[in-house]
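Asks: This is data-v6.pdb (PDB, C-alpha atoms).
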MODEL        1
ATOM      1  CA  MET A 183     100.753  94.403 115.041  1.00  0.00           C
ATOM      2  CA  ARG A 184      97.909  92.185 113.905  1.00  0.00           C
ATOM      3  CA  SER A 185      95.517  93.873 111.490  1.00  0.00           C
ATOM      4  CA  PRO A 186      91.817  93.949 112.389  1.00  0.00           C
ATOM      5  CA  ARG A 187      89.447  91.469 110.794  1.00  0.00           C
ATOM      6  CA  PRO A 188      87.376  92.771 107.860  1.00  0.00           C
ATOM      7  CA  ALA A 189      84.178  92.171 109.856  1.00  0.00           C
ATOM      8  CA  THR A 190      85.414  94.522 112.596  1.00  0.00           C
ATOM      9  CA  ILE A 191      86.074  97.271 110.066  1.00  0.00           C
ATOM     10  CA  LEU A 192      82.698  96.670 108.425  1.00  0.00           C
ATOM     11  CA  LEU A 193      80.876  96.873 111.759  1.00  0.00           C
ATOM     12  CA  THR A 194      82.582 100.060 112.958  1.00  0.00           C
ATOM     13  CA  LYS A 195      82.236 102.121 109.773  1.00  0.00           C
ATOM     14  CA  PRO A 196      78.578 103.129 110.369  1.00  0.00           C
ATOM     15  CA  ALA A 197      79.479 104.552 113.781  1.00  0.00           C
ATOM     16  CA  PHE A 198      82.414 106.497 112.341  1.00  0.00           C
ATOM     17  CA  ARG A 199      80.104 107.735 109.561  1.00  0.00           C
ATOM     18  CA  VAL A 200      77.716 109.131 112.210  1.00  0.00           C
ATOM     19  CA  LEU A 201      80.591 110.934 113.939  1.00  0.00           C
ATOM     20  CA  LEU A 202      81.781 112.450 110.640  1.00  0.00           C
ATOM     21  CA  ARG A 203      78.264 113.724 109.846  1.00  0.00           C
ATOM     22  CA  ARG A 204      78.450 115.885 112.973  1.00  0.00           C
ATOM     23  CA  LEU A 205      81.370 117.943 111.659  1.00  0.00           C
ATOM     24  CA  GLN A 206      80.489 121.625 111.589  1.00  0.00           C
ATOM     25  CA  LEU A 207      83.739 123.006 110.172  1.00  0.00           C
ATOM     26  CA  GLY A 208      86.766 121.619 108.398  1.00  0.00           C
ATOM     27  CA  SER A 209      87.090 118.166 106.897  1.00  0.00           C
ATOM     28  CA  ILE A 210      88.386 114.825 108.107  1.00  0.00           C
ATOM     29  CA  THR A 211      89.262 111.711 106.143  1.00  0.00           C
ATOM     30  CA  LEU A 212      89.455 108.428 108.041  1.00  0.00           C
ATOM     31  CA  VAL A 213      91.622 105.718 106.454  1.00  0.00           C
ATOM     32  CA  PHE A 214      91.108 102.143 107.653  1.00  0.00           C
ATOM     33  CA  PRO A 215      93.638  99.274 107.690  1.00  0.00           C
ATOM     34  CA  ASP A 216      92.015  97.646 104.649  1.00  0.00           C
ATOM     35  CA  GLY A 217      92.684 100.809 102.593  1.00  0.00           C
ATOM     36  CA  THR A 218      89.093 102.053 102.492  1.00  0.00           C
ATOM     37  CA  SER A 219      88.261 105.536 103.712  1.00  0.00           C
ATOM     38  CA  LEU A 220      85.430 107.736 104.918  1.00  0.00           C
ATOM     39  CA  HIS A 221      85.322 111.494 104.408  1.00  0.00           C
ATOM     40  CA  GLY A 222      83.395 114.125 106.323  1.00  0.00           C
ATOM     41  CA  THR A 223      83.127 117.816 105.492  1.00  0.00           C
ATOM     42  CA  GLY A 224      81.613 120.443 107.748  1.00  0.00           C
ATOM     43  CA  LYS A 225      79.195 123.163 106.668  1.00  0.00           C
ATOM     44  CA  GLN A 226      81.875 125.794 107.254  1.00  0.00           C
ATOM     45  CA  PRO A 227      85.356 125.753 105.699  1.00  0.00           C
ATOM     46  CA  GLY A 228      88.351 124.956 107.842  1.00  0.00           C
ATOM     47  CA  LYS A 229      91.462 122.858 108.077  1.00  0.00           C
ATOM     48  CA  GLU A 230      91.741 119.365 106.632  1.00  0.00           C
ATOM     49  CA  ALA A 231      93.061 116.278 108.388  1.00  0.00           C
ATOM     50  CA  THR A 232      93.622 112.636 107.539  1.00  0.00           C
ATOM     51  CA  ILE A 233      93.435 110.105 110.354  1.00  0.00           C
ATOM     52  CA  ALA A 234      94.676 106.536 109.950  1.00  0.00           C
ATOM     53  CA  ILE A 235      92.450 104.333 112.102  1.00  0.00           C
ATOM     54  CA  LEU A 236      94.729 101.413 112.981  1.00  0.00           C
ATOM     55  CA  LYS A 237      92.405  99.623 115.441  1.00  0.00           C
ATOM     56  CA  PRO A 238      88.826 100.674 114.603  1.00  0.00           C
ATOM     57  CA  LEU A 239      87.002  98.829 117.381  1.00  0.00           C
ATOM     58  CA  SER A 240      89.409 100.036 120.074  1.00  0.00           C
ATOM     59  CA  VAL A 241      89.212 103.660 118.902  1.00  0.00           C
ATOM     60  CA  LEU A 242      85.422 103.565 118.749  1.00  0.00           C
ATOM     61  CA  ARG A 243      85.168 101.994 122.208  1.00  0.00           C
ATOM     62  CA  ARG A 244      87.451 104.630 123.712  1.00  0.00           C
ATOM     63  CA  VAL A 245      85.571 107.505 122.037  1.00  0.00           C
ATOM     64  CA  VAL A 246      82.174 106.218 123.177  1.00  0.00           C
ATOM     65  CA  ILE A 247      83.327 105.695 126.748  1.00  0.00           C
ATOM     66  CA  GLY A 248      85.742 108.570 127.216  1.00  0.00           C
ATOM     67  CA  GLY A 249      84.939 111.174 124.562  1.00  0.00           C
ATOM     68  CA  GLY A 250      87.897 113.443 123.851  1.00  0.00           C
ATOM     69  CA  VAL A 251      90.013 111.922 126.600  1.00  0.00           C
ATOM     70  CA  GLY A 252      89.323 108.462 125.185  1.00  0.00           C
ATOM     71  CA  PHE A 253      90.383 109.658 121.742  1.00  0.00           C
ATOM     72  CA  ALA A 254      93.631 110.994 123.222  1.00  0.00           C
ATOM     73  CA  GLU A 255      94.229 107.689 125.019  1.00  0.00           C
ATOM     74  CA  ALA A 256      93.691 105.857 121.718  1.00  0.00           C
ATOM     75  CA  TYR A 257      96.387 108.047 120.133  1.00  0.00           C
ATOM     76  CA  LEU A 258      98.813 107.321 122.970  1.00  0.00           C
ATOM     77  CA  SER A 259      98.081 103.602 122.537  1.00  0.00           C
ATOM     78  CA  ARG A 260      98.821 103.918 118.804  1.00  0.00           C
ATOM     79  CA  GLU A 261      95.308 102.925 117.776  1.00  0.00           C
ATOM     80  CA  TRP A 262      95.161 105.856 115.339  1.00  0.00           C
ATOM     81  CA  ASP A 263      97.722 108.160 113.752  1.00  0.00           C
ATOM     82  CA  THR A 264      97.878 111.313 111.667  1.00  0.00           C
ATOM     83  CA  SER A 265     100.519 113.138 109.678  1.00  0.00           C
ATOM     84  CA  ASP A 266      99.428 116.546 111.051  1.00  0.00           C
ATOM     85  CA  LEU A 267      98.555 116.261 114.743  1.00  0.00           C
ATOM     86  CA  PRO A 268      98.122 120.022 115.391  1.00  0.00           C
ATOM     87  CA  ALA A 269      95.618 120.403 112.521  1.00  0.00           C
ATOM     88  CA  THR A 270      93.743 117.276 113.582  1.00  0.00           C
ATOM     89  CA  LEU A 271      93.436 118.455 117.184  1.00  0.00           C
ATOM     90  CA  ASP A 272      92.415 121.937 116.024  1.00  0.00           C
ATOM     91  CA  ILE A 273      89.570 120.548 113.889  1.00  0.00           C
ATOM     92  CA  LEU A 274      88.378 118.190 116.608  1.00  0.00           C
ATOM     93  CA  GLY A 275      88.584 120.852 119.319  1.00  0.00           C
ATOM     94  CA  ARG A 276      86.696 123.488 117.339  1.00  0.00           C
ATOM     95  CA  ASN A 277      83.989 120.998 116.362  1.00  0.00           C
ATOM     96  CA  LEU A 278      83.646 119.836 119.960  1.00  0.00           C
ATOM     97  CA  ASP A 279      83.156 123.440 121.096  1.00  0.00           C
ATOM     98  CA  LEU A 280      80.450 123.974 118.465  1.00  0.00           C
ATOM     99  CA  TYR A 281      78.772 120.677 119.276  1.00  0.00           C
ATOM    100  CA  VAL A 282      78.689 121.228 123.041  1.00  0.00           C
ATOM    101  CA  ARG A 283      77.286 124.753 122.672  1.00  0.00           C
ATOM    102  CA  GLY A 284      74.709 123.997 119.991  1.00  0.00           C
ATOM    103  CA  HIS A 285      73.287 120.514 120.609  1.00  0.00           C
ATOM    104  CA  LYS A 286      71.552 118.457 123.229  1.00  0.00           C
ATOM    105  CA  PRO A 287      73.483 115.459 124.516  1.00  0.00           C
ATOM    106  CA  ASN A 288      73.009 112.355 122.442  1.00  0.00           C
ATOM    107  CA  ARG A 289      70.785 110.077 124.540  1.00  0.00           C
ATOM    108  CA  ALA A 290      71.840 106.890 122.755  1.00  0.00           C
ATOM    109  CA  LEU A 291      75.519 107.681 123.261  1.00  0.00           C
ATOM    110  CA  ALA A 292      74.938 108.541 126.922  1.00  0.00           C
ATOM    111  CA  ALA A 293      72.982 105.315 127.475  1.00  0.00           C
ATOM    112  CA  THR A 294      75.708 103.258 125.791  1.00  0.00           C
ATOM    113  CA  ARG A 295      78.339 104.926 127.961  1.00  0.00           C
ATOM    114  CA  ARG A 296      76.353 104.220 131.164  1.00  0.00           C
ATOM    115  CA  LEU A 297      75.775 100.588 130.162  1.00  0.00           C
ATOM    116  CA  TRP A 298      79.479 100.066 129.422  1.00  0.00           C
ATOM    117  CA  GLN A 299      80.496 101.643 132.734  1.00  0.00           C
ATOM    118  CA  TRP A 300      77.973  99.490 134.613  1.00  0.00           C
ATOM    119  CA  ALA A 301      79.189  96.294 132.912  1.00  0.00           C
ATOM    120  CA  THR A 302      82.833  97.172 133.526  1.00  0.00           C
ATOM    121  CA  THR A 303      82.225  97.979 137.194  1.00  0.00           C
ATOM    122  CA  ARG A 304      80.243  94.781 137.690  1.00  0.00           C
ATOM    123  CA  ARG A 305      82.940  92.696 135.975  1.00  0.00           C
ATOM    124  CA  GLN A 306      85.653  94.277 138.124  1.00  0.00           C
ATOM    125  CA  ALA A 307      83.619  93.590 141.292  1.00  0.00           C
ATOM    126  CA  CYS A 308      83.149  89.943 140.276  1.00  0.00           C
ATOM    127  CA  LEU A 309      86.887  89.581 139.708  1.00  0.00           C
ATOM    128  CA  LEU A 310      87.666  91.235 143.016  1.00  0.00           C
ATOM    129  CA  TYR A 311      85.364  89.067 145.128  1.00  0.00           C
ATOM    130  CA  THR A 312      85.872  85.681 143.466  1.00  0.00           C
TER     131      THR A 312
ENDMDL
END
Spit out the file's structure as structure tokens when you get a sec.

Replies:
Amino acid sequence: MRSPRPATILLTKPAFRVLLRRLQLGSITLVFPDGTSLHGTGKQPGKEATIAILKPLSVLRRVVIGGGVGFAEAYLSREWDTSDLPATLDILGRNLDLYVRGHKPNRALAATRRLWQWATTRRQACLLYT
């Protein structure tokens, strides 16, 4: 497997940082292919998990487009890994429940998702009819 370019890692870290800031309980450490890491801790105590992000751009794309399902697809595609899958899923699931109940949808994320879906659909239509 080819490792991602340093520029890709550098460009994706701010987005991962934003996601980690939204943690409400527990803590997650993201470890990137270049050995650097980001850590997020929620306001409430909980389990801890370490996630190795093997393909940062792919994981981020899947999360933005597909949310939790996209994150699961990234795991199945071996774009990220963890030593404790049950704890990782527990933290993510509990935080998702808290986020959905307590916050308004993120307009920027929703707009990005719509734009990506539009571009993908348009590209597929062009391929189909050319």

Asks: Could you state which residues are captured by the PyMOL selection byres ((chain A and resi 257) around 12) in this file, as a list in words?

Replies: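 Those residues are Ile233, Ala234, Ile235, Leu236, Lys237, Pro238, Ser240, Val241, Leu242, Arg244, Val245, Gly250, Val251, Gly252, Phe253, Ala254, Glu255, Ala256, Leu258, Ser259, Arg260, Glu261, Trp262, Asp263, Thr264, Leu267, Thr270 and Leu271 of chain A.
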
Asks: Write the residues you've just listed into a file as a short mmCIF file (atom, residue, chain, number, x, y, z; two decimals), in the coordinates of the input, and include C-alpha atoms for each of them.

Replies:
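Below you can see again38.cif, which holds the result:
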data_model
loop_
_atom_site.label_atom_id
_atom_site.label_comp_id
_atom_site.auth_asym_id
_atom_site.auth_seq_id
_atom_site.Cartn_x
_atom_site.Cartn_y
_atom_site.Cartn_z
CA ILE A 233 93.44 110.10 110.35
CA ALA A 234 94.68 106.54 109.95
CA ILE A 235 92.45 104.33 112.10
CA LEU A 236 94.73 101.41 112.98
CA LYS A 237 92.40 99.62 115.44
CA PRO A 238 88.83 100.67 114.60
CA SER A 240 89.41 100.04 120.07
CA VAL A 241 89.21 103.66 118.90
CA LEU A 242 85.42 103.56 118.75
CA ARG A 244 87.45 104.63 123.71
CA VAL A 245 85.57 107.50 122.04
CA GLY A 250 87.90 113.44 123.85
CA VAL A 251 90.01 111.92 126.60
CA GLY A 252 89.32 108.46 125.18
CA PHE A 253 90.38 109.66 121.74
CA ALA A 254 93.63 110.99 123.22
CA GLU A 255 94.23 107.69 125.02
CA ALA A 256 93.69 105.86 121.72
CA LEU A 258 98.81 107.32 122.97
CA SER A 259 98.08 103.60 122.54
CA ARG A 260 98.82 103.92 118.80
CA GLU A 261 95.31 102.92 117.78
CA TRP A 262 95.16 105.86 115.34
CA ASP A 263 97.72 108.16 113.75
CA THR A 264 97.88 111.31 111.67
CA LEU A 267 98.56 116.26 114.74
CA THR A 270 93.74 117.28 113.58
CA LEU A 271 93.44 118.46 117.18
#

Asks: Which value, in Å to one decimal, gives the distance between CA of Asp272 (chain A) and CA of Lys229 (chain A)?

Replies: 8.1 Å

Asks: Provide the CA of Gly275 (chain A) to CA of Leu207 (chain A) distance in Å, to one decimal place.

Replies: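 Separation of CA of Gly275 (chain A) and CA of Leu207 (chain A): 10.6 Å.
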
Asks: Nearest residue to Leu202 (chain A) out of A:Gly249, A:Pro215, A:Pro268, A:Gly222, using only C-alpha atoms?

Replies: A:Gly222

Asks: Could you please determine the separation between CA of Ala269 (chain A) and CA of Thr194 (chain A) in Å, to one decimal place?

Replies: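 Computing it gives 24.2 Å between the two atoms.
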
Asks: Hey, could you pull the box centre and edge lengths for region 235-250 of chain A, axis-aligned, 5 Å padding per side, all listed atoms, to one decimal in Å, as AutoDock Vina command-line options?

Replies:
--center_x 88.5 --center_y 106.1 --center_z 119.7 --size_x 22.6 --size_y 24.6 --size_z 25.1

Asks: Between A:Ile247, A:Leu278, A:Leu239, A:Ala231, which is the closest to Gly208 (chain A) once you count all atoms listed in the file?

Replies: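 Nearest to Gly208 (chain A): A:Ala231.
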
Asks: Considering only C-alpha atoms, state which residue in the set A:Ser265, A:Asn277, A:Thr232, A:Gln226 is at the smallest distance from Thr211 (chain A).

Replies: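 Smallest separation from Thr211 (chain A) among the options: A:Thr232.
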
Asks: Between A:Lys195, A:Lys225, A:Asp266, A:Ile273, which is the closest to Ile210 (chain A) once you count only C-alpha atoms?

Replies: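 Once distances to Ile210 (chain A) are computed over only C-alpha atoms, the minimum belongs to A:Ile273.
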
Asks: Which one of A:Phe198, A:Gly248, A:Pro227, A:Arg243 sits closest to Phe214 (chain A) if you count all atoms listed in the file?

Replies: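 Among the listed residues, the smallest separation from Phe214 (chain A) belongs to A:Phe198.
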